[in-house]
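Visitor: Below you'll find start-v9.cif; it's mmCIF, C-alpha atoms and all ligand atoms.
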```cif
data_protein
loop_
_atom_site.label_atom_id
_atom_site.label_comp_id
_atom_site.auth_asym_id
_atom_site.auth_seq_id
_atom_site.Cartn_x
_atom_site.Cartn_y
_atom_site.Cartn_z
CA MET A 161 -99.78 -76.37 -282.89
CA GLY A 162 -99.70 -73.02 -281.06
CA THR A 163 -102.52 -71.82 -278.86
CA HIS A 164 -102.58 -68.09 -279.67
CA GLY A 165 -106.16 -67.09 -280.42
CA ALA A 166 -107.58 -70.24 -278.76
CA SER A 167 -110.51 -69.87 -276.41
CA LEU A 168 -111.99 -71.72 -273.47
CA LEU A 169 -115.04 -73.16 -275.23
CA ASP A 170 -117.11 -76.07 -273.98
CA ARG A 171 -119.21 -78.45 -276.04
CA PHE A 172 -122.38 -76.48 -275.30
CA GLY A 173 -120.94 -73.36 -276.92
CA ARG A 174 -120.23 -71.47 -273.71
CA GLN A 175 -116.96 -69.54 -273.54
CA ALA A 176 -115.17 -69.03 -270.23
CA THR A 177 -113.93 -65.44 -270.08
CA ASP A 178 -114.24 -64.82 -266.32
CA LEU A 179 -111.40 -66.39 -264.33
CA ARG A 180 -111.80 -66.80 -260.55
CA VAL A 181 -108.44 -67.25 -258.88
CA SER A 182 -108.28 -68.54 -255.32
CA LEU A 183 -105.22 -67.04 -253.63
CA THR A 184 -105.44 -69.10 -250.46
CA ASP A 185 -107.78 -71.63 -248.86
CA ARG A 186 -107.33 -69.97 -245.45
CA CYS A 187 -109.76 -67.54 -243.91
CA ASN A 188 -109.99 -65.40 -240.79
CA LEU A 189 -113.74 -65.91 -240.40
CA ARG A 190 -115.58 -69.20 -239.86
CA CYS A 191 -118.92 -68.62 -241.54
CA GLN A 192 -121.22 -71.49 -240.62
CA TYR A 193 -122.33 -72.14 -244.22
CA CYS A 194 -118.69 -72.42 -245.29
CA MET A 195 -116.32 -73.75 -242.62
CA PRO A 196 -116.35 -75.58 -239.29
CA ALA A 197 -115.43 -73.60 -236.15
CA GLU A 198 -112.01 -75.24 -235.91
CA GLY A 199 -111.05 -74.43 -239.52
CA LEU A 200 -109.81 -77.00 -242.01
CA ASP A 201 -106.60 -78.81 -242.90
CA TRP A 202 -105.00 -75.99 -244.86
CA LEU A 203 -103.02 -76.64 -248.02
CA PRO A 204 -99.31 -77.15 -247.36
CA THR A 205 -97.22 -74.20 -248.52
CA ASP A 206 -95.30 -76.20 -251.12
CA GLU A 207 -98.56 -77.21 -252.80
CA THR A 208 -99.76 -73.62 -253.03
CA LEU A 209 -98.85 -71.69 -256.17
CA THR A 210 -96.23 -69.00 -255.74
CA ASP A 211 -97.03 -65.42 -256.78
CA ASP A 212 -94.99 -65.91 -259.96
CA GLU A 213 -96.80 -69.14 -260.82
CA ILE A 214 -100.18 -67.48 -260.33
CA VAL A 215 -99.25 -64.54 -262.52
CA ARG A 216 -97.89 -66.82 -265.22
CA LEU A 217 -101.14 -68.80 -265.35
CA ILE A 218 -103.23 -65.62 -265.42
CA GLU A 219 -101.05 -64.28 -268.22
CA ILE A 220 -101.63 -67.41 -270.28
CA ALA A 221 -105.39 -67.16 -269.71
CA VAL A 222 -105.54 -63.47 -270.60
CA THR A 223 -103.10 -63.29 -273.51
CA ARG A 224 -103.92 -66.63 -275.18
CA LEU A 225 -107.29 -67.91 -274.03
CA GLY A 226 -109.68 -64.96 -274.16
CA VAL A 227 -110.08 -64.36 -270.42
CA ASP A 228 -111.03 -60.71 -269.96
CA GLN A 229 -111.97 -60.59 -266.29
CA VAL A 230 -109.99 -61.86 -263.30
CA ARG A 231 -111.50 -62.07 -259.84
CA PHE A 232 -109.33 -62.89 -256.82
CA THR A 233 -110.99 -64.87 -254.10
CA GLY A 234 -110.33 -67.66 -251.62
CA GLY A 235 -110.36 -68.43 -248.69
CA GLU A 236 -109.70 -64.81 -247.87
CA PRO A 237 -107.60 -63.10 -250.58
CA LEU A 238 -106.62 -60.17 -248.34
CA ILE A 239 -104.53 -62.48 -246.16
CA ARG A 240 -102.25 -63.38 -249.06
CA PRO A 241 -99.13 -61.23 -248.57
CA GLY A 242 -98.52 -60.85 -252.33
CA LEU A 243 -102.05 -59.72 -253.20
CA VAL A 244 -101.27 -56.13 -254.19
CA ASP A 245 -98.36 -57.23 -256.37
CA ILE A 246 -100.42 -59.97 -258.04
CA VAL A 247 -103.21 -57.49 -258.76
CA GLY A 248 -100.73 -54.98 -260.17
CA ARG A 249 -99.09 -57.51 -262.48
CA THR A 250 -102.50 -58.74 -263.63
CA ALA A 251 -103.81 -55.25 -264.32
CA ALA A 252 -100.68 -54.50 -266.38
CA LEU A 253 -101.33 -57.35 -268.84
CA HIS A 254 -102.23 -56.72 -272.49
CA PRO A 255 -105.04 -57.00 -273.34
CA HIS A 256 -106.00 -55.34 -270.07
CA PRO A 257 -108.38 -57.54 -268.04
CA ARG A 258 -110.94 -56.15 -265.62
CA THR A 259 -109.96 -57.07 -262.06
CA ALA A 260 -111.98 -57.58 -258.89
CA ILE A 261 -111.71 -59.24 -255.50
CA THR A 262 -114.29 -61.04 -253.39
CA THR A 263 -113.42 -60.49 -249.75
CA ASN A 264 -114.83 -60.57 -246.25
CA GLY A 265 -113.52 -57.02 -245.88
CA LEU A 266 -111.25 -57.60 -242.85
CA GLY A 267 -108.22 -55.35 -243.32
CA LEU A 268 -109.61 -53.78 -246.48
CA ASP A 269 -109.53 -50.37 -244.80
CA ARG A 270 -105.72 -50.61 -244.78
CA LYS A 271 -105.29 -52.12 -248.25
CA ALA A 272 -108.00 -50.46 -250.36
CA GLU A 273 -105.85 -47.57 -251.51
CA ALA A 274 -102.87 -49.74 -252.49
CA LEU A 275 -105.18 -52.12 -254.34
CA ARG A 276 -106.77 -49.23 -256.22
CA GLU A 277 -103.34 -47.88 -257.14
CA ALA A 278 -102.28 -51.33 -258.31
CA GLY A 279 -105.14 -51.19 -260.82
CA LEU A 280 -107.94 -53.08 -259.06
CA ASP A 281 -111.33 -52.14 -260.50
CA ARG A 282 -113.88 -53.40 -258.00
CA VAL A 283 -114.61 -55.31 -254.80
CA ASN A 284 -117.42 -57.52 -253.58
CA VAL A 285 -117.59 -57.64 -249.82
CA SER A 286 -119.43 -60.45 -248.06
CA LEU A 287 -121.71 -59.22 -245.29
CA ASP A 288 -124.76 -61.17 -244.17
CA THR A 289 -126.04 -58.89 -241.43
CA ILE A 290 -125.55 -55.50 -239.85
CA ARG A 291 -126.46 -56.81 -236.40
CA ARG A 292 -123.52 -57.58 -234.23
CA ASP A 293 -125.09 -60.63 -232.57
CA SER A 294 -126.06 -62.22 -235.90
CA PHE A 295 -122.61 -61.43 -237.30
CA VAL A 296 -120.90 -63.18 -234.40
CA GLU A 297 -123.24 -66.16 -234.67
CA ILE A 298 -122.72 -66.62 -238.41
CA THR A 299 -118.99 -65.86 -238.67
CA ARG A 300 -117.98 -66.96 -235.15
CA ARG A 301 -115.88 -63.79 -234.87
CA ASP A 302 -116.69 -60.35 -233.44
CA ARG A 303 -115.45 -58.36 -236.45
CA LEU A 304 -118.47 -56.49 -237.82
CA ASP A 305 -116.85 -53.07 -237.29
CA ASP A 306 -113.80 -54.11 -239.31
CA VAL A 307 -115.98 -55.18 -242.24
CA LEU A 308 -117.87 -51.89 -242.14
CA ALA A 309 -114.57 -49.98 -242.11
CA GLY A 310 -113.42 -52.03 -245.11
CA LEU A 311 -116.59 -51.24 -247.03
CA ALA A 312 -116.28 -47.53 -246.32
CA ALA A 313 -112.64 -47.53 -247.46
CA ALA A 314 -113.52 -49.32 -250.71
CA ALA A 315 -116.11 -46.67 -251.52
CA ARG A 316 -113.77 -43.84 -250.51
CA VAL A 317 -110.98 -44.90 -252.86
CA GLY A 318 -113.38 -45.52 -255.76
CA LEU A 319 -113.52 -49.33 -255.94
CA THR A 320 -117.08 -48.84 -257.12
CA PRO A 321 -119.78 -49.92 -257.41
CA VAL A 322 -119.10 -51.62 -254.07
CA LYS A 323 -121.15 -54.79 -254.06
CA ILE A 324 -122.22 -56.74 -250.99
CA ASN A 325 -122.90 -60.49 -251.05
CA ALA A 326 -125.26 -61.77 -248.37
CA VAL A 327 -126.30 -65.30 -247.48
CA LEU A 328 -129.40 -65.80 -245.35
CA MET A 329 -129.48 -68.62 -242.82
CA ARG A 330 -132.63 -70.03 -241.35
CA GLY A 331 -133.08 -69.16 -237.70
CA ILE A 332 -130.27 -66.59 -237.68
CA ASN A 333 -130.59 -63.71 -240.15
CA GLU A 334 -133.52 -64.96 -242.23
CA SER A 335 -135.73 -62.00 -241.33
CA GLU A 336 -133.03 -59.37 -241.86
CA ALA A 337 -133.25 -59.00 -245.65
CA PRO A 338 -135.25 -55.73 -245.67
CA GLU A 339 -133.08 -54.10 -242.99
CA LEU A 340 -129.88 -55.08 -244.79
CA LEU A 341 -131.22 -53.74 -248.08
CA ARG A 342 -132.30 -50.43 -246.50
CA TRP A 343 -128.87 -50.05 -244.93
CA ALA A 344 -127.04 -50.90 -248.19
CA ILE A 345 -129.09 -48.39 -250.17
CA ASP A 346 -128.48 -45.68 -247.56
CA HIS A 347 -124.74 -46.29 -247.83
CA GLY A 348 -124.63 -46.53 -251.63
CA TYR A 349 -123.69 -50.23 -251.74
CA GLU A 350 -125.20 -52.68 -254.22
CA LEU A 351 -126.64 -55.64 -252.32
CA ARG A 352 -127.05 -59.15 -253.72
CA PHE A 353 -128.49 -62.11 -251.87
CA ILE A 354 -126.94 -65.51 -252.63
CA GLU A 355 -128.85 -68.70 -252.05
CA GLN A 356 -126.95 -71.00 -249.75
CA MET A 357 -125.31 -73.78 -251.75
CA PRO A 358 -124.11 -77.28 -250.79
CA LEU A 359 -120.46 -76.28 -250.54
CA ASP A 360 -119.83 -76.29 -246.81
CA ALA A 361 -117.06 -78.46 -245.45
CA GLN A 362 -119.38 -79.97 -242.85
CA HIS A 363 -122.00 -81.07 -245.43
CA SER A 364 -124.78 -79.55 -243.34
CA TRP A 365 -126.64 -77.93 -246.26
CA ARG A 366 -130.19 -79.16 -246.81
CA ARG A 367 -132.45 -78.34 -249.71
CA ASP A 368 -135.51 -78.25 -247.45
CA THR A 369 -134.06 -75.76 -244.95
CA MET A 370 -132.13 -73.37 -247.20
CA ILE A 371 -133.71 -69.96 -247.77
CA THR A 372 -134.91 -69.77 -251.37
CA ALA A 373 -135.06 -66.81 -253.72
CA ASP A 374 -138.87 -66.91 -253.47
CA GLU A 375 -138.66 -66.45 -249.71
CA ILE A 376 -136.23 -63.57 -250.15
CA PHE A 377 -138.60 -61.85 -252.59
CA ALA A 378 -141.54 -62.39 -250.23
CA SER A 379 -139.64 -60.87 -247.35
CA LEU A 380 -138.47 -57.84 -249.38
CA ASP A 381 -141.99 -57.35 -250.80
CA ASP A 382 -143.20 -56.44 -247.31
CA GLU A 383 -141.18 -53.22 -247.42
CA PHE A 384 -140.14 -52.54 -251.00
CA THR A 385 -141.53 -52.69 -254.51
CA LEU A 386 -139.19 -54.63 -256.77
CA SER A 387 -139.42 -54.37 -260.54
CA PRO A 388 -137.23 -56.13 -263.13
CA SER A 389 -134.24 -54.02 -264.18
CA ASP A 390 -133.85 -53.28 -267.92
CA GLU A 391 -130.15 -54.03 -267.68
CA GLN A 392 -129.13 -57.05 -269.80
CA ARG A 393 -128.26 -59.89 -267.46
CA GLY A 394 -125.87 -61.61 -269.86
CA SER A 395 -123.75 -64.08 -267.93
CA ALA A 396 -124.18 -62.25 -264.60
CA PRO A 397 -125.27 -64.63 -261.85
CA ALA A 398 -127.52 -62.05 -260.17
CA GLU A 399 -131.05 -61.32 -261.32
CA LYS A 400 -131.29 -57.59 -260.76
CA PHE A 401 -134.32 -55.58 -259.64
CA LEU A 402 -135.03 -51.89 -259.24
CA VAL A 403 -135.99 -51.01 -255.69
CA ASP A 404 -139.02 -48.69 -255.45
CA GLY A 405 -138.57 -47.65 -259.09
CA GLY A 406 -134.77 -47.19 -258.83
CA PRO A 407 -132.09 -46.06 -259.20
CA ALA A 408 -131.19 -48.38 -256.28
CA THR A 409 -131.11 -52.06 -257.17
CA VAL A 410 -130.98 -55.42 -255.45
CA GLY A 411 -129.73 -58.69 -256.90
CA VAL A 412 -130.63 -62.26 -256.17
CA ILE A 413 -128.25 -65.07 -257.07
CA ALA A 414 -130.51 -68.10 -257.09
CA SER A 415 -127.92 -70.72 -257.92
CA VAL A 416 -130.05 -73.52 -256.48
CA THR A 417 -133.65 -72.71 -257.37
CA ARG A 418 -133.07 -70.80 -260.62
CA PRO A 419 -129.75 -72.03 -261.97
CA PHE A 420 -128.07 -70.01 -264.70
CA CYS A 421 -125.57 -72.62 -265.90
CA GLY A 422 -126.60 -72.12 -269.55
CA ASP A 423 -125.04 -68.65 -269.49
CA CYS A 424 -122.03 -69.49 -267.34
CA ASP A 425 -118.77 -67.87 -268.46
CA ARG A 426 -116.65 -68.78 -265.43
CA VAL A 427 -113.64 -70.97 -264.88
CA ARG A 428 -111.74 -71.41 -261.61
CA LEU A 429 -108.14 -71.82 -260.58
CA THR A 430 -107.57 -73.14 -257.06
CA ALA A 431 -104.75 -71.95 -254.81
CA ASP A 432 -102.92 -75.22 -255.53
CA GLY A 433 -103.11 -74.77 -259.27
CA GLN A 434 -106.05 -76.94 -260.28
CA VAL A 435 -108.48 -75.81 -262.95
CA ARG A 436 -112.15 -76.42 -262.16
CA ASN A 437 -114.70 -75.81 -264.87
CA CYS A 438 -117.57 -75.50 -262.37
CA LEU A 439 -117.96 -74.83 -258.62
CA PHE A 440 -119.64 -78.23 -258.47
CA ALA A 441 -117.22 -80.10 -260.73
CA ARG A 442 -116.03 -83.45 -259.43
CA GLU A 443 -112.85 -83.37 -261.47
CA GLU A 444 -109.94 -80.93 -261.61
CA SER A 445 -107.08 -80.51 -264.06
CA ASP A 446 -103.64 -80.12 -262.60
CA LEU A 447 -101.77 -77.12 -264.00
CA ARG A 448 -99.34 -76.87 -261.09
CA GLY A 449 -97.84 -80.24 -261.98
CA ALA A 450 -97.43 -79.14 -265.59
CA LEU A 451 -95.86 -75.83 -264.52
CA ARG A 452 -93.39 -77.49 -262.19
CA GLU A 453 -92.46 -80.14 -264.76
CA GLY A 454 -91.39 -77.33 -267.06
CA ALA A 455 -94.32 -77.28 -269.51
CA ASP A 456 -94.23 -74.33 -271.91
CA ASP A 457 -97.12 -71.86 -272.27
CA ASP A 458 -98.54 -73.74 -275.27
CA GLU A 459 -98.77 -76.97 -273.32
CA ILE A 460 -100.41 -75.28 -270.32
CA ALA A 461 -102.88 -73.51 -272.58
CA ARG A 462 -103.73 -76.82 -274.27
CA ARG A 463 -104.43 -78.45 -270.91
CA TRP A 464 -106.60 -75.51 -269.88
CA VAL A 465 -108.62 -75.70 -273.12
CA ALA A 466 -109.18 -79.44 -272.57
CA ALA A 467 -110.24 -78.85 -268.94
CA VAL A 468 -112.97 -76.42 -269.98
CA ALA A 469 -114.10 -78.45 -273.00
CA GLY A 470 -115.42 -81.15 -270.67
CA LYS A 471 -117.66 -78.80 -268.63
CA ARG A 472 -121.05 -80.30 -267.89
CA ALA A 473 -124.32 -78.67 -268.96
CA GLY A 474 -125.39 -77.89 -265.40
CA HIS A 475 -124.43 -78.26 -261.76
CA GLY A 476 -127.22 -80.76 -261.06
CA ILE A 477 -127.88 -79.69 -257.45
CA ASP A 478 -131.52 -80.60 -257.90
CA ASP A 479 -130.78 -84.04 -259.44
CA PRO A 480 -131.35 -87.03 -257.17
CA THR A 481 -127.85 -88.24 -258.07
CA PHE A 482 -126.16 -84.95 -257.05
CA LEU A 483 -122.94 -85.39 -255.11
CA GLN A 484 -121.40 -82.47 -253.27
CA PRO A 485 -117.86 -81.73 -254.49
CA THR A 486 -115.12 -83.11 -252.26
CA ARG A 487 -113.54 -79.70 -251.78
CA PRO A 488 -115.49 -77.02 -249.90
CA MET A 489 -116.10 -73.51 -251.26
CA SER A 490 -113.15 -72.07 -249.32
CA ALA A 491 -110.75 -74.42 -251.08
CA ILE A 492 -112.27 -73.98 -254.52
CA GLY A 493 -112.55 -70.21 -254.49
CA GLY A 494 -116.03 -68.74 -254.23
N1 LIG B 501 -113.48 -64.83 -248.01
C1 LIG B 501 -114.03 -64.13 -249.15
C2 LIG B 501 -115.41 -63.62 -248.85
O1 LIG B 501 -115.86 -63.76 -247.72
O2 LIG B 501 -116.04 -63.06 -249.76
C3 LIG B 501 -114.00 -64.88 -250.46
C4 LIG B 501 -114.34 -66.33 -250.45
S1 LIG B 501 -115.99 -66.72 -249.97
C5 LIG B 501 -115.98 -68.49 -250.14
C6 LIG B 501 -116.91 -66.12 -251.36
C7 LIG B 501 -118.39 -66.01 -251.20
O3 LIG B 501 -118.93 -67.29 -251.08
C8 LIG B 501 -118.85 -65.23 -249.99
O4 LIG B 501 -119.75 -64.23 -250.39
C9 LIG B 501 -119.55 -66.27 -249.15
O5 LIG B 501 -120.62 -65.73 -248.43
C10 LIG B 501 -120.01 -67.23 -250.18
N2 LIG B 501 -120.27 -68.57 -249.70
C11 LIG B 501 -119.49 -69.38 -248.96
N3 LIG B 501 -120.10 -70.56 -248.73
C12 LIG B 501 -121.29 -70.49 -249.36
C13 LIG B 501 -122.37 -71.40 -249.50
N4 LIG B 501 -122.35 -72.59 -248.94
N5 LIG B 501 -123.43 -71.00 -250.23
C14 LIG B 501 -123.47 -69.77 -250.79
N6 LIG B 501 -122.48 -68.88 -250.69
C15 LIG B 501 -121.41 -69.23 -249.98
#
```
Output the structure of this file as structure tokens.
Guide:
Amino acid sequence: MGTHGASLLDRFGRQATDLRVSLTDRCNLRCQYCMPAEGLDWLPTDETLTDDEIVRLIEIAVTRLGVDQVRFTGGEPLIRPGLVDIVGRTAALHPHPRTAITTNGLGLDRKAEALREAGLDRVNVSLDTIRRDSFVEITRRDRLDDVLAGLAAAARVGLTPVKINAVLMRGINESEAPELLRWAIDHGYELRFIEQMPLDAQHSWRRDTMITADEIFASLDDEFTLSPSDEQRGSAPAEKFLVDGGPATVGVIASVTRPFCGDCDRVRLTADGQVRNCLFAREESDLRGALREGADDDEIARRWVAAVAGKRAGHGIDDPTFLQPTRPMSAIGG
């Protein structure tokens, strides 16, 4: 049986149309909520998909399985040498998928234009603070100016709306939410706060110390008036609010305290070619093995369909039996 016209449906009726592709597990920052200071045991090169293998898998997802949006992430996608080429080949597919990258912004000032020309639609840049001391403490690198240059370049070349993802950490930048929002609005960036999730390699996350969406709202309420945005949320992870009546907005991605699994439309491909149907999945399906054993597109598509069919109803972070996935966020692709 062929797989043309198949889709990535799970048994709860959700369809995965948004593919997150991790291009590398390596990163040039060491954000505390993600990685230990010394880094991790990186994937060996021969286990990492080649550019051609990545593009082939994306092509199968887009042309046969209904994926209409591809987001490149990692690790840090900008450190993958073939990024611009991979973006260009993805953007040239028919039907044409929307493309985006999630990046820490380092080096984006030099690559923004080429990425735009290759057909990239948008970027999300991760930035948790605009204070140099907090930046160094969180990321363990003194690179704030490079991130700001990357953001400015993204806006300049039209990778808009430029979105910023921020994580608040207790005792470091927890009181900086209003200042970061003011700064983002002044610069025309769309800020979203993400609740810290149990995905760090060191397993240091704790439910009772993470900063919750309610705390973020309380802190923003001191300086701004937030009102629900009319925009349909659909499968978007962020709850969006108008700031002081709009048009500026702020988003809150409350993955832990207000999970949105029922509307999830995402599926992930790791840099070593494993499909994960959820960030918190405990199983993966090996497409790299199939590729390298010579499987045809039909067979790979069938495996992909089966991998998504088994997706669980929710991530279960709040269940007493919750187990953190073995792979950290940087290896899964955030
Ligand atoms: N290096 C890129 C970047 O910085 O955006 C892409 C990968 S990074 C893993 C993707 C996003 O995940 C970033 O916005 C980062 O802040 C976020 N992230 C990493 N660990 C997290 C955690 N434990 N909880 C919530 N967000 C996390």
Visitor: Which protein, DNA or RNA residues are at most 12 Å from (-113.1, -84.5, -249.8) in the file's coordinates when you count all atoms listed in the file, listed as a list in words?
Guide: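 The residues near that point, listed by chain and number, are Leu200, Asp201, Leu359, Asp360, Ala361, Gln362, His363, Arg442, Glu443, Leu483, Gln484, Pro485, Thr486, Arg487, Pro488, Met489, Ala491 and Ile492 of chain A.
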Visitor: If we count only C-alpha atoms, what is near Ile354 (chain A) at a cut-off of 8 Å, once residues fewer than 2 positions away on the same chain are taken out, given as a list in words?
Guide: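 Answer for this query is Asn325, Ala326, Val327, Leu328, Arg352, Gln356, Val412, Ile413, Ala414 and Ser415 of chain A.
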Visitor: Please identify all protein, DNA and RNA residues within 8 Å of ligand LIG 501 (chain B), counting only C-alpha atoms and all ligand atoms, and report them as a CSV table (one decimal) with C-alpha atoms, in the coordinates of the input.
Guide:
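Output (result-v4.csv):
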```
chain,number,residue,atom,x,y,z
A,187,CYS,CA,-109.8,-67.5,-243.9
A,189,LEU,CA,-113.7,-65.9,-240.4
A,191,CYS,CA,-118.9,-68.6,-241.5
A,193,TYR,CA,-122.3,-72.1,-244.2
A,194,CYS,CA,-118.7,-72.4,-245.3
A,195,MET,CA,-116.3,-73.8,-242.6
A,233,THR,CA,-111.0,-64.9,-254.1
A,234,GLY,CA,-110.3,-67.7,-251.6
A,235,GLY,CA,-110.4,-68.4,-248.7
A,236,GLU,CA,-109.7,-64.8,-247.9
A,237,PRO,CA,-107.6,-63.1,-250.6
A,261,ILE,CA,-111.7,-59.2,-255.5
A,262,THR,CA,-114.3,-61.0,-253.4
A,263,THR,CA,-113.4,-60.5,-249.8
A,264,ASN,CA,-114.8,-60.6,-246.2
A,265,GLY,CA,-113.5,-57.0,-245.9
A,284,ASN,CA,-117.4,-57.5,-253.6
A,285,VAL,CA,-117.6,-57.6,-249.8
A,286,SER,CA,-119.4,-60.4,-248.1
A,287,LEU,CA,-121.7,-59.2,-245.3
A,288,ASP,CA,-124.8,-61.2,-244.2
A,324,ILE,CA,-122.2,-56.7,-251.0
A,325,ASN,CA,-122.9,-60.5,-251.0
A,326,ALA,CA,-125.3,-61.8,-248.4
A,327,VAL,CA,-126.3,-65.3,-247.5
A,354,ILE,CA,-126.9,-65.5,-252.6
A,355,GLU,CA,-128.8,-68.7,-252.0
A,356,GLN,CA,-127.0,-71.0,-249.8
A,357,MET,CA,-125.3,-73.8,-251.8
A,358,PRO,CA,-124.1,-77.3,-250.8
A,359,LEU,CA,-120.5,-76.3,-250.5
A,360,ASP,CA,-119.8,-76.3,-246.8
A,365,TRP,CA,-126.6,-77.9,-246.3
A,489,MET,CA,-116.1,-73.5,-251.3
A,490,SER,CA,-113.2,-72.1,-249.3
A,491,ALA,CA,-110.8,-74.4,-251.1
A,492,ILE,CA,-112.3,-74.0,-254.5
A,493,GLY,CA,-112.6,-70.2,-254.5
A,494,GLY,CA,-116.0,-68.7,-254.2
```
Visitor: Between CA of Leu351 (chain A) and CA of Gly279 (chain A), measure the distance and give it in Å to one decimal.
Guide: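 About the pair CA of Leu351 (chain A) and CA of Gly279 (chain A): they are 23.5 Å apart.
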Visitor: So what do you get for CA of Arg462 (chain A) versus CA of Ala166 (chain A), distance-wise?
Guide: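 Between these atoms lies a distance of 8.8 Å.
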Visitor: Within 12 Å of region 337-343 of chain A, counting all atoms listed in the file, which residues show up once you throw out same-chain ones fewer than 2 positions away? Write them as a PyMOL selection string, please.
Guide: chain A and resi 287-291+308+323-330+332-335+345-354+371+373+375-386+402-404+408-412
